[in-house]
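Heads up, the thing below is written out as C-alpha coordinates.
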Amino acid sequence: MKIVFFGTPQFAVPSLENLLNHPDFEVMGVVTQPDKRRGRGNQLMPSPVKTTAIAHHLPVWQPLRIKKDTETLSLLKATEADVFVVVAYGQILSQEILDMPSLGCINVHGSILPKYRGAAPIQWCLYYGEKETGITTMLMDAGMDTGAMLLKSLAGITLLDNAESLGERLSELGADLLIESLVKLGRGEVEAIPQDAVEATYAPLIKNPDYVLDWSRSAIALHNQIRGFFPDCVTNFRGNSVKIIATAPLGSEYWLKLPPDLRRLEQDWLTLSELSGKCGEVVKVVKNLGPIVQTGEGLLLLREVQLAGKKVQSGWDFANGSRLIVGEVLGMMA
(Lines give C-alpha, C1' and ligand atoms only; values in the text may rest on other atoms or scores of the structure.)
Protein backbone atom coordinates (compact mmCIF):
# COMPACT_ATOMS: atom_id res chain seq x y z
CA MET A 1 0.00 0.00 0.00
CA LYS A 2 1.52 3.32 -1.09
CA ILE A 3 1.05 6.09 1.48
CA VAL A 4 1.74 9.82 1.81
CA PHE A 5 1.89 10.93 5.44
CA PHE A 6 0.61 14.33 6.64
CA GLY A 7 1.58 15.35 10.19
CA THR A 8 3.48 17.90 12.24
CA PRO A 9 3.84 17.52 16.07
CA GLN A 10 5.32 14.78 18.22
CA PHE A 11 1.83 13.26 18.53
CA ALA A 12 2.08 12.17 14.87
CA VAL A 13 5.57 10.62 15.06
CA PRO A 14 4.58 7.14 16.42
CA SER A 15 2.07 6.78 13.57
CA LEU A 16 4.73 7.61 10.98
CA GLU A 17 7.22 5.24 12.60
CA ASN A 18 4.65 2.41 12.67
CA LEU A 19 4.05 2.87 8.94
CA LEU A 20 7.78 2.88 8.22
CA ASN A 21 8.30 -0.31 10.23
CA HIS A 22 5.45 -2.24 8.57
CA PRO A 23 6.38 -4.45 5.59
CA ASP A 24 3.06 -3.94 3.81
CA PHE A 25 3.30 -0.13 3.59
CA GLU A 26 5.51 2.17 1.54
CA VAL A 27 5.68 5.79 2.65
CA MET A 28 6.19 7.82 -0.53
CA GLY A 29 6.74 11.15 1.22
CA VAL A 30 5.77 13.39 4.11
CA VAL A 31 3.83 16.66 4.19
CA THR A 32 4.39 18.82 7.28
CA GLN A 33 4.09 22.43 8.37
CA PRO A 34 6.86 24.91 7.51
CA ASP A 35 9.74 25.23 9.98
CA LYS A 36 9.04 27.63 12.84
CA ARG A 37 11.27 29.87 14.92
CA ARG A 38 11.60 28.55 18.46
CA GLY A 39 13.69 28.88 21.59
CA ARG A 40 15.86 31.65 22.91
CA GLY A 41 17.94 31.80 19.74
CA ASN A 42 14.77 32.19 17.66
CA GLN A 43 16.19 29.72 15.16
CA LEU A 44 14.15 27.96 12.48
CA MET A 45 13.35 24.49 13.79
CA PRO A 46 11.86 21.54 11.88
CA SER A 47 8.71 19.83 13.11
CA PRO A 48 9.14 16.47 14.90
CA VAL A 49 7.59 14.75 11.88
CA LYS A 50 10.09 16.40 9.51
CA THR A 51 12.98 15.32 11.74
CA THR A 52 11.74 11.72 11.62
CA ALA A 53 11.19 11.84 7.86
CA ILE A 54 14.70 13.16 7.22
CA ALA A 55 16.18 10.42 9.41
CA HIS A 56 14.48 7.89 7.11
CA HIS A 57 15.53 9.72 3.92
CA LEU A 58 11.95 10.48 2.89
CA PRO A 59 10.90 13.34 0.60
CA VAL A 60 9.48 16.22 2.69
CA TRP A 61 7.05 18.85 1.42
CA GLN A 62 6.26 21.95 3.52
CA PRO A 63 3.73 24.14 1.72
CA LEU A 64 2.66 27.33 3.47
CA ARG A 65 -0.91 26.85 2.21
CA ILE A 66 -1.31 23.40 0.77
CA LYS A 67 -4.64 24.07 -0.95
CA LYS A 68 -3.03 26.76 -3.12
CA ASP A 69 0.45 25.30 -3.60
CA THR A 70 0.35 23.99 -7.18
CA GLU A 71 3.81 22.43 -6.97
CA THR A 72 2.94 20.33 -3.92
CA LEU A 73 -0.42 19.38 -5.43
CA SER A 74 1.35 18.12 -8.55
CA LEU A 75 3.86 16.14 -6.49
CA LEU A 76 1.10 14.57 -4.42
CA LYS A 77 -0.81 13.54 -7.51
CA ALA A 78 2.33 12.06 -9.06
CA THR A 79 2.82 9.70 -6.10
CA GLU A 80 -0.30 7.77 -7.17
CA ALA A 81 -0.73 6.91 -3.50
CA ASP A 82 -3.38 4.48 -2.33
CA VAL A 83 -3.94 6.40 0.91
CA PHE A 84 -3.11 9.75 2.46
CA VAL A 85 -2.69 9.38 6.24
CA VAL A 86 -3.32 12.56 8.25
CA VAL A 87 -2.29 12.87 11.92
CA ALA A 88 -2.38 16.36 13.47
CA TYR A 89 -1.17 18.01 10.29
CA GLY A 90 -2.54 21.50 11.03
CA GLN A 91 -4.05 22.52 7.68
CA ILE A 92 -7.43 21.75 6.12
CA LEU A 93 -7.25 19.62 2.98
CA SER A 94 -9.24 20.64 -0.10
CA GLN A 95 -11.63 18.29 -1.86
CA GLU A 96 -9.07 18.07 -4.67
CA ILE A 97 -6.54 16.56 -2.23
CA LEU A 98 -9.10 14.31 -0.55
CA ASP A 99 -9.98 12.84 -3.95
CA MET A 100 -6.39 12.01 -4.97
CA PRO A 101 -5.70 8.65 -3.25
CA SER A 102 -7.65 5.63 -4.48
CA LEU A 103 -8.67 4.45 -0.99
CA GLY A 104 -9.19 7.94 0.43
CA CYS A 105 -7.64 9.95 3.27
CA ILE A 106 -7.44 8.39 6.74
CA ASN A 107 -7.31 10.61 9.81
CA VAL A 108 -6.16 9.59 13.30
CA HIS A 109 -8.15 11.79 15.70
CA GLY A 110 -7.49 12.15 19.45
CA SER A 111 -11.04 11.65 20.72
CA ILE A 112 -13.99 9.30 20.52
CA LEU A 113 -15.89 10.94 17.71
CA PRO A 114 -18.28 12.64 17.30
CA LYS A 115 -17.21 14.14 20.65
CA TYR A 116 -14.46 16.76 20.56
CA ARG A 117 -14.19 17.45 16.87
CA GLY A 118 -11.57 20.10 16.15
CA ALA A 119 -8.00 21.18 16.73
CA ALA A 120 -7.50 20.46 20.45
CA PRO A 121 -9.49 17.37 21.50
CA ILE A 122 -7.04 16.17 24.16
CA GLN A 123 -6.87 19.57 25.85
CA TRP A 124 -10.60 20.19 25.95
CA CYS A 125 -11.55 16.70 27.15
CA LEU A 126 -9.28 17.30 30.16
CA TYR A 127 -10.70 20.79 30.65
CA TYR A 128 -14.19 19.33 30.89
CA GLY A 129 -13.10 16.62 33.30
CA GLU A 130 -13.74 13.58 31.12
CA LYS A 131 -12.85 10.22 32.70
CA GLU A 132 -12.35 8.50 29.34
CA THR A 133 -11.29 9.40 25.83
CA GLY A 134 -9.55 7.56 23.01
CA ILE A 135 -8.68 7.48 19.33
CA THR A 136 -10.93 7.35 16.28
CA THR A 137 -9.76 6.60 12.76
CA MET A 138 -11.98 7.95 10.01
CA LEU A 139 -12.30 8.53 6.29
CA MET A 140 -11.88 12.26 5.82
CA ASP A 141 -14.39 14.49 4.08
CA ALA A 142 -14.47 18.25 3.53
CA GLY A 143 -15.88 18.96 7.03
CA MET A 144 -14.02 19.44 10.32
CA ASP A 145 -13.63 15.88 11.63
CA THR A 146 -17.02 14.90 10.22
CA GLY A 147 -15.99 11.88 8.14
CA ALA A 148 -17.28 8.33 8.48
CA MET A 149 -15.58 6.42 11.31
CA LEU A 150 -13.50 3.26 10.87
CA LEU A 151 -12.18 2.05 14.26
CA LYS A 152 -12.09 3.29 17.86
CA SER A 153 -9.86 2.55 20.85
CA LEU A 154 -10.62 3.76 24.38
CA ALA A 155 -8.27 5.17 27.02
CA GLY A 156 -8.93 6.05 30.65
CA ILE A 157 -7.95 9.42 32.13
CA THR A 158 -6.46 9.69 35.62
CA LEU A 159 -6.84 12.68 37.94
CA LEU A 160 -3.23 13.80 37.43
CA ASP A 161 -3.04 13.24 33.68
CA ASN A 162 -2.25 16.36 31.69
CA ALA A 163 -2.26 17.16 27.98
CA GLU A 164 1.31 15.91 27.62
CA SER A 165 0.96 12.58 29.43
CA LEU A 166 -2.42 11.80 27.90
CA GLY A 167 -1.19 12.90 24.47
CA GLU A 168 1.76 10.49 24.70
CA ARG A 169 -0.52 7.56 25.51
CA LEU A 170 -3.00 8.46 22.79
CA SER A 171 -0.27 8.90 20.18
CA GLU A 172 0.89 5.30 20.76
CA LEU A 173 -2.71 4.08 20.79
CA GLY A 174 -3.39 5.94 17.55
CA ALA A 175 -0.29 4.53 15.88
CA ASP A 176 -1.46 0.97 16.54
CA LEU A 177 -5.05 1.71 15.56
CA LEU A 178 -3.85 3.28 12.29
CA ILE A 179 -2.10 0.07 11.24
CA GLU A 180 -5.16 -2.02 12.09
CA SER A 181 -7.40 0.41 10.18
CA LEU A 182 -5.21 0.38 7.06
CA VAL A 183 -4.85 -3.40 7.03
CA LYS A 184 -8.60 -3.90 7.37
CA LEU A 185 -9.32 -1.17 4.84
CA GLY A 186 -7.03 -2.82 2.31
CA ARG A 187 -8.75 -6.16 2.85
CA GLY A 188 -12.25 -4.69 2.79
CA GLU A 189 -12.79 -5.85 6.39
CA VAL A 190 -13.92 -2.55 7.90
CA GLU A 191 -17.15 -0.63 7.37
CA ALA A 192 -17.13 3.16 7.55
CA ILE A 193 -19.88 4.31 9.93
CA PRO A 194 -21.33 7.84 9.57
CA GLN A 195 -21.12 10.10 12.62
CA ASP A 196 -24.24 11.24 14.46
CA ALA A 197 -24.03 15.03 14.16
CA VAL A 198 -26.52 15.43 17.03
CA GLU A 199 -23.94 14.02 19.46
CA ALA A 200 -21.07 16.19 18.19
CA THR A 201 -19.10 18.45 20.53
CA TYR A 202 -16.20 20.71 19.61
CA ALA A 203 -12.59 21.35 20.65
CA PRO A 204 -11.54 24.66 19.09
CA LEU A 205 -8.08 26.20 19.01
CA ILE A 206 -7.00 27.40 22.45
CA LYS A 207 -6.79 31.19 22.74
CA ASN A 208 -4.83 33.36 25.16
CA PRO A 209 -7.81 34.13 27.47
CA ASP A 210 -8.27 30.37 27.98
CA TYR A 211 -4.96 30.24 29.86
CA VAL A 212 -5.90 32.84 32.50
CA LEU A 213 -6.90 31.37 35.87
CA ASP A 214 -9.98 32.70 37.64
CA TRP A 215 -9.67 31.69 41.29
CA SER A 216 -13.41 32.09 41.86
CA ARG A 217 -13.89 28.85 39.91
CA SER A 218 -13.88 25.54 41.80
CA ALA A 219 -10.68 23.67 42.66
CA ILE A 220 -11.50 20.82 40.28
CA ALA A 221 -12.38 23.22 37.44
CA LEU A 222 -9.07 25.06 37.89
CA HIS A 223 -7.17 21.77 38.12
CA ASN A 224 -8.78 20.58 34.88
CA GLN A 225 -7.95 23.87 33.15
CA ILE A 226 -4.30 23.70 34.29
CA ARG A 227 -3.76 20.11 33.18
CA GLY A 228 -5.78 20.53 30.01
CA PHE A 229 -3.93 23.64 28.83
CA PHE A 230 -0.57 22.42 30.20
CA PRO A 231 1.93 24.05 30.56
CA ASP A 232 0.59 27.54 29.87
CA CYS A 233 -2.00 28.53 32.48
CA VAL A 234 -1.13 31.81 34.18
CA THR A 235 -2.01 33.85 37.22
CA ASN A 236 -0.65 36.98 38.84
CA PHE A 237 1.75 36.82 41.77
CA ARG A 238 3.06 40.01 43.35
CA GLY A 239 2.28 41.91 40.17
CA ASN A 240 4.05 39.47 37.85
CA SER A 241 2.80 36.66 35.64
CA VAL A 242 3.47 33.14 36.89
CA LYS A 243 2.61 29.81 35.29
CA ILE A 244 0.86 27.15 37.33
CA ILE A 245 2.16 23.89 35.89
CA ALA A 246 0.66 21.16 38.10
CA THR A 247 -1.93 21.04 40.87
CA ALA A 248 -4.02 18.62 42.91
CA PRO A 249 -7.56 19.19 44.20
CA LEU A 250 -7.95 18.18 47.83
CA GLY A 251 -10.85 16.43 49.52
CA SER A 252 -12.47 13.09 50.29
CA GLU A 253 -13.48 12.47 46.67
CA TYR A 254 -9.86 12.73 45.51
CA TRP A 255 -7.66 10.89 48.06
CA LEU A 256 -7.85 7.48 46.38
CA LYS A 257 -6.95 9.06 43.03
CA LEU A 258 -3.80 10.75 44.33
CA PRO A 259 -0.30 9.23 44.77
CA PRO A 260 0.93 8.37 48.31
CA ASP A 261 3.02 11.54 48.73
CA LEU A 262 -0.13 13.65 48.29
CA ARG A 263 -2.52 11.25 49.98
CA ARG A 264 -0.77 11.87 53.30
CA LEU A 265 -2.69 15.15 53.45
CA GLU A 266 -5.78 13.06 54.21
CA GLN A 267 -4.61 12.59 57.81
CA ASP A 268 -4.65 16.37 58.28
CA TRP A 269 -7.85 16.93 56.34
CA LEU A 270 -9.98 17.61 59.43
CA THR A 271 -7.80 20.64 60.10
CA LEU A 272 -7.18 21.63 56.47
CA SER A 273 -10.86 21.51 55.55
CA GLU A 274 -11.59 24.22 58.14
CA LEU A 275 -9.19 26.66 56.46
CA SER A 276 -10.78 29.43 54.43
CA GLY A 277 -9.84 32.63 52.67
CA LYS A 278 -10.66 34.75 49.66
CA CYS A 279 -10.47 33.27 46.20
CA GLY A 280 -6.81 32.88 45.29
CA GLU A 281 -5.55 33.25 48.86
CA VAL A 282 -2.77 31.01 50.18
CA VAL A 283 -4.30 29.41 53.29
CA LYS A 284 -1.49 26.99 54.13
CA VAL A 285 2.04 26.10 53.04
CA VAL A 286 2.68 22.38 53.51
CA LYS A 287 6.30 21.37 54.12
CA ASN A 288 7.83 19.49 51.16
CA LEU A 289 4.63 19.88 49.11
CA GLY A 290 3.76 23.53 48.58
CA PRO A 291 1.01 26.15 48.91
CA ILE A 292 -2.65 25.34 49.33
CA VAL A 293 -4.91 27.94 47.72
CA GLN A 294 -8.55 28.75 48.43
CA THR A 295 -10.74 28.64 45.32
CA GLY A 296 -14.38 29.46 44.74
CA GLU A 297 -15.13 25.94 45.94
CA GLY A 298 -12.52 23.77 47.62
CA LEU A 299 -8.75 23.83 48.13
CA LEU A 300 -6.07 23.42 45.47
CA LEU A 301 -2.46 22.35 46.09
CA LEU A 302 0.10 23.99 43.82
CA ARG A 303 2.51 21.14 42.93
CA GLU A 304 4.62 22.85 40.25
CA VAL A 305 5.08 26.52 39.36
CA GLN A 306 7.18 28.48 36.86
CA LEU A 307 8.18 32.07 37.46
CA ALA A 308 8.85 34.24 34.38
CA GLY A 309 12.27 33.47 32.92
CA LYS A 310 12.88 30.60 35.38
CA LYS A 311 12.72 26.82 35.23
CA VAL A 312 9.77 24.85 36.52
CA GLN A 313 10.05 24.28 40.28
CA SER A 314 8.13 22.34 42.88
CA GLY A 315 5.45 24.12 44.86
CA TRP A 316 7.62 23.77 47.97
CA ASP A 317 10.67 25.34 46.27
CA PHE A 318 8.45 28.13 44.97
CA ALA A 319 7.11 28.80 48.48
CA ASN A 320 10.62 28.80 49.97
CA GLY A 321 12.30 30.81 47.24
CA SER A 322 9.55 33.42 47.23
CA ARG A 323 9.25 33.45 51.02
CA LEU A 324 5.56 32.93 50.47
CA ILE A 325 3.37 33.68 53.46
CA VAL A 326 -0.15 32.61 54.35
CA GLY A 327 -2.59 35.31 53.37
CA GLU A 328 -0.96 36.28 50.06
CA VAL A 329 -3.40 36.29 47.17
CA LEU A 330 -2.82 35.00 43.65
CA GLY A 331 -4.49 36.67 40.70
CA MET A 332 -4.43 40.17 42.22
CA MET A 333 -2.29 42.95 40.79
CA ALA A 334 0.16 44.50 43.26
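Every chain in the C-alpha coordinates has a letter given in the order shown (A, B, ...), and although residue numbers restart at 1 in each chain, ligands are simply numbered from 1 in the order shown.
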
As number ranges by chain, please: every residue in region 9-86 of chain A that a backbone DSSP assignment puts in helix (DSSP H, G or I). A: 10-20, 48-55, 66-68, 70-78

So what do you get for CA of Gly290 (chain A) versus CA of Phe237 (chain A), distance-wise?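 Interatomic distance here is 15.1 Å.
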
Within 9 Å of region 12-21 of chain A, counting only C-alpha atoms, which residues show up once you throw out same-chain ones fewer than 6 positions away? Write them as a list in words, please.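 Near neighbours after the sequence-gap exclusion: Ile3, Phe5, Phe6, Val27, Pro48, Val49, Thr52, Ala53, His56, Val85, Val86, Val87, Ala88, Tyr89, Val108, Ser171, Glu172, Gly174, Ala175, Asp176, Leu177, Leu178 and Ile179 of chain A.
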
DSSP on the backbone, then: every residue of region 72-280 of chain A marked strand (DSSP E), written as a PyMOL selection string. chain A and resi 83-87+105-109+132-139+149-156+234-237+240-250

Work out how far apart CA of Leu76 (chain A) and CA of Gly104 (chain A) are and give it in Å to one decimal.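 Going from CA of Leu76 (chain A) over to CA of Gly104 (chain A) covers 13.2 Å.
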
Near Leu330 (chain A), within 9 Å and counting only C-alpha atoms, which residues show up once chain neighbours fewer than 6 positions away are dropped, as a PDB file with N, CA and C atoms, in the first residue's frame?
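The result, written out as out-v1.pdb:
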ATOM      1  N   TRP A 215      -9.666  32.437  40.030  1.00  0.00           N
ATOM      2  CA  TRP A 215      -9.674  31.686  41.287  1.00  0.00           C
ATOM      3  C   TRP A 215     -11.049  31.592  41.932  1.00  0.00           C
ATOM      4  N   THR A 235      -1.353  33.018  36.230  1.00  0.00           N
ATOM      5  CA  THR A 235      -2.010  33.854  37.215  1.00  0.00           C
ATOM      6  C   THR A 235      -1.046  34.977  37.564  1.00  0.00           C
ATOM      7  N   ASN A 236      -1.499  35.867  38.425  1.00  0.00           N
ATOM      8  CA  ASN A 236      -0.647  36.983  38.837  1.00  0.00           C
ATOM      9  C   ASN A 236      -0.152  36.760  40.248  1.00  0.00           C
ATOM     10  N   PHE A 237       1.153  36.972  40.444  1.00  0.00           N
ATOM     11  CA  PHE A 237       1.754  36.817  41.768  1.00  0.00           C
ATOM     12  C   PHE A 237       2.669  38.015  42.015  1.00  0.00           C
ATOM     13  N   ARG A 238       2.300  38.798  43.005  1.00  0.00           N
ATOM     14  CA  ARG A 238       3.064  40.012  43.352  1.00  0.00           C
ATOM     15  C   ARG A 238       3.278  40.928  42.141  1.00  0.00           C
ATOM     16  N   CYS A 279     -10.858  34.029  47.386  1.00  0.00           N
ATOM     17  CA  CYS A 279     -10.472  33.266  46.198  1.00  0.00           C
ATOM     18  C   CYS A 279      -9.049  33.648  45.785  1.00  0.00           C
ATOM     19  N   GLY A 280      -8.193  32.641  45.675  1.00  0.00           N
ATOM     20  CA  GLY A 280      -6.808  32.879  45.291  1.00  0.00           C
ATOM     21  C   GLY A 280      -5.865  33.052  46.465  1.00  0.00           C
ATOM     22  N   GLU A 281      -6.402  33.029  47.690  1.00  0.00           N
ATOM     23  CA  GLU A 281      -5.552  33.251  48.863  1.00  0.00           C
ATOM     24  C   GLU A 281      -4.831  31.980  49.285  1.00  0.00           C
ATOM     25  N   VAL A 282      -3.547  32.121  49.630  1.00  0.00           N
ATOM     26  CA  VAL A 282      -2.770  31.012  50.184  1.00  0.00           C
ATOM     27  C   VAL A 282      -3.191  30.822  51.637  1.00  0.00           C
ATOM     28  N   VAL A 293      -4.217  26.703  48.090  1.00  0.00           N
ATOM     29  CA  VAL A 293      -4.910  27.940  47.725  1.00  0.00           C
ATOM     30  C   VAL A 293      -6.424  27.747  47.812  1.00  0.00           C
TER      31      VAL A 293
END

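Proximity ranking of A:Glu132, A:Asp82, A:Asp317, A:Asp145 relative to Arg303 (chain A) places A:Asp317 first, based on only C-alpha atoms.
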
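When CA of Asp214 (chain A) is paired with CA of Cys233 (chain A), their separation reads 10.4 Å.
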
Contact residues around Pro249 (chain A) with only C-alpha atoms at 9 Å, ignoring same-chain residues under 5 positions, as an MDAnalysis selection string: chainID A and resid 219:220 222:223 254 298:301

Kindly save the residues from that selection, with N, CA and C atoms included, as a PDB file, in the first residue's frame.
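Result file is part_7.pdb:
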ATOM      1  N   ALA A 219     -12.016  24.281  42.689  1.00  0.00           N
ATOM      2  CA  ALA A 219     -10.685  23.671  42.662  1.00  0.00           C
ATOM      3  C   ALA A 219     -10.567  22.659  41.524  1.00  0.00           C
ATOM      4  N   ILE A 220     -11.586  21.849  41.326  1.00  0.00           N
ATOM      5  CA  ILE A 220     -11.504  20.823  40.276  1.00  0.00           C
ATOM      6  C   ILE A 220     -11.555  21.469  38.893  1.00  0.00           C
ATOM      7  N   LEU A 222     -10.395  24.468  38.097  1.00  0.00           N
ATOM      8  CA  LEU A 222      -9.075  25.057  37.891  1.00  0.00           C
ATOM      9  C   LEU A 222      -8.030  23.978  37.603  1.00  0.00           C
ATOM     10  N   HIS A 223      -8.086  22.887  38.340  1.00  0.00           N
ATOM     11  CA  HIS A 223      -7.167  21.767  38.117  1.00  0.00           C
ATOM     12  C   HIS A 223      -7.305  21.240  36.687  1.00  0.00           C
ATOM     13  N   TYR A 254     -11.089  12.803  46.304  1.00  0.00           N
ATOM     14  CA  TYR A 254      -9.858  12.730  45.509  1.00  0.00           C
ATOM     15  C   TYR A 254      -8.748  11.866  46.116  1.00  0.00           C
ATOM     16  N   GLY A 298     -13.539  24.763  47.325  1.00  0.00           N
ATOM     17  CA  GLY A 298     -12.523  23.766  47.616  1.00  0.00           C
ATOM     18  C   GLY A 298     -11.110  24.321  47.610  1.00  0.00           C
ATOM     19  N   LEU A 299     -10.159  23.454  48.002  1.00  0.00           N
ATOM     20  CA  LEU A 299      -8.752  23.835  48.130  1.00  0.00           C
ATOM     21  C   LEU A 299      -7.927  23.173  47.027  1.00  0.00           C
ATOM     22  N   LEU A 300      -6.919  23.900  46.559  1.00  0.00           N
ATOM     23  CA  LEU A 300      -6.073  23.419  45.473  1.00  0.00           C
ATOM     24  C   LEU A 300      -4.609  23.508  45.890  1.00  0.00           C
ATOM     25  N   LEU A 301      -3.894  22.382  45.808  1.00  0.00           N
ATOM     26  CA  LEU A 301      -2.463  22.346  46.090  1.00  0.00           C
ATOM     27  C   LEU A 301      -1.681  22.691  44.826  1.00  0.00           C
TER      28      LEU A 301
END

Leu113 (chain A) surroundings by only C-alpha atoms, 10 Å radius, close-in-sequence under 4 positions cut, as a PyMOL selection string: chain A and resi 109+117+121+133-138+145-149+152+195-197+199-202

As a ChimeraX atom specification, please: the residues near Gln306 (chain A) (cut-off 10 Å, only C-alpha atoms, same-chain neighbours under 5 positions excluded). /A:231-232,234,241-246,311-315,318

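Each of A:Ser111, A:Ser181, A:Ser153, A:Thr79 was compared to Glu26 (chain A) using only C-alpha atoms, and A:Thr79 turns out to be the nearest.
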
Nearest-residue call for Lys50 (chain A), choices A:Gly7, A:Pro260, A:Val83, A:Gly296, using only C-alpha atoms: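 Selected residue with least distance to Lys50 (chain A): A:Gly7.
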
May I ask which of the residues A:Lys284, A:Lys278, A:Lys310, A:Lys184 is the closest one to Ile325 (chain A), counting only C-alpha atoms?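 Result for the nearest residue to Ile325 (chain A): A:Lys284.
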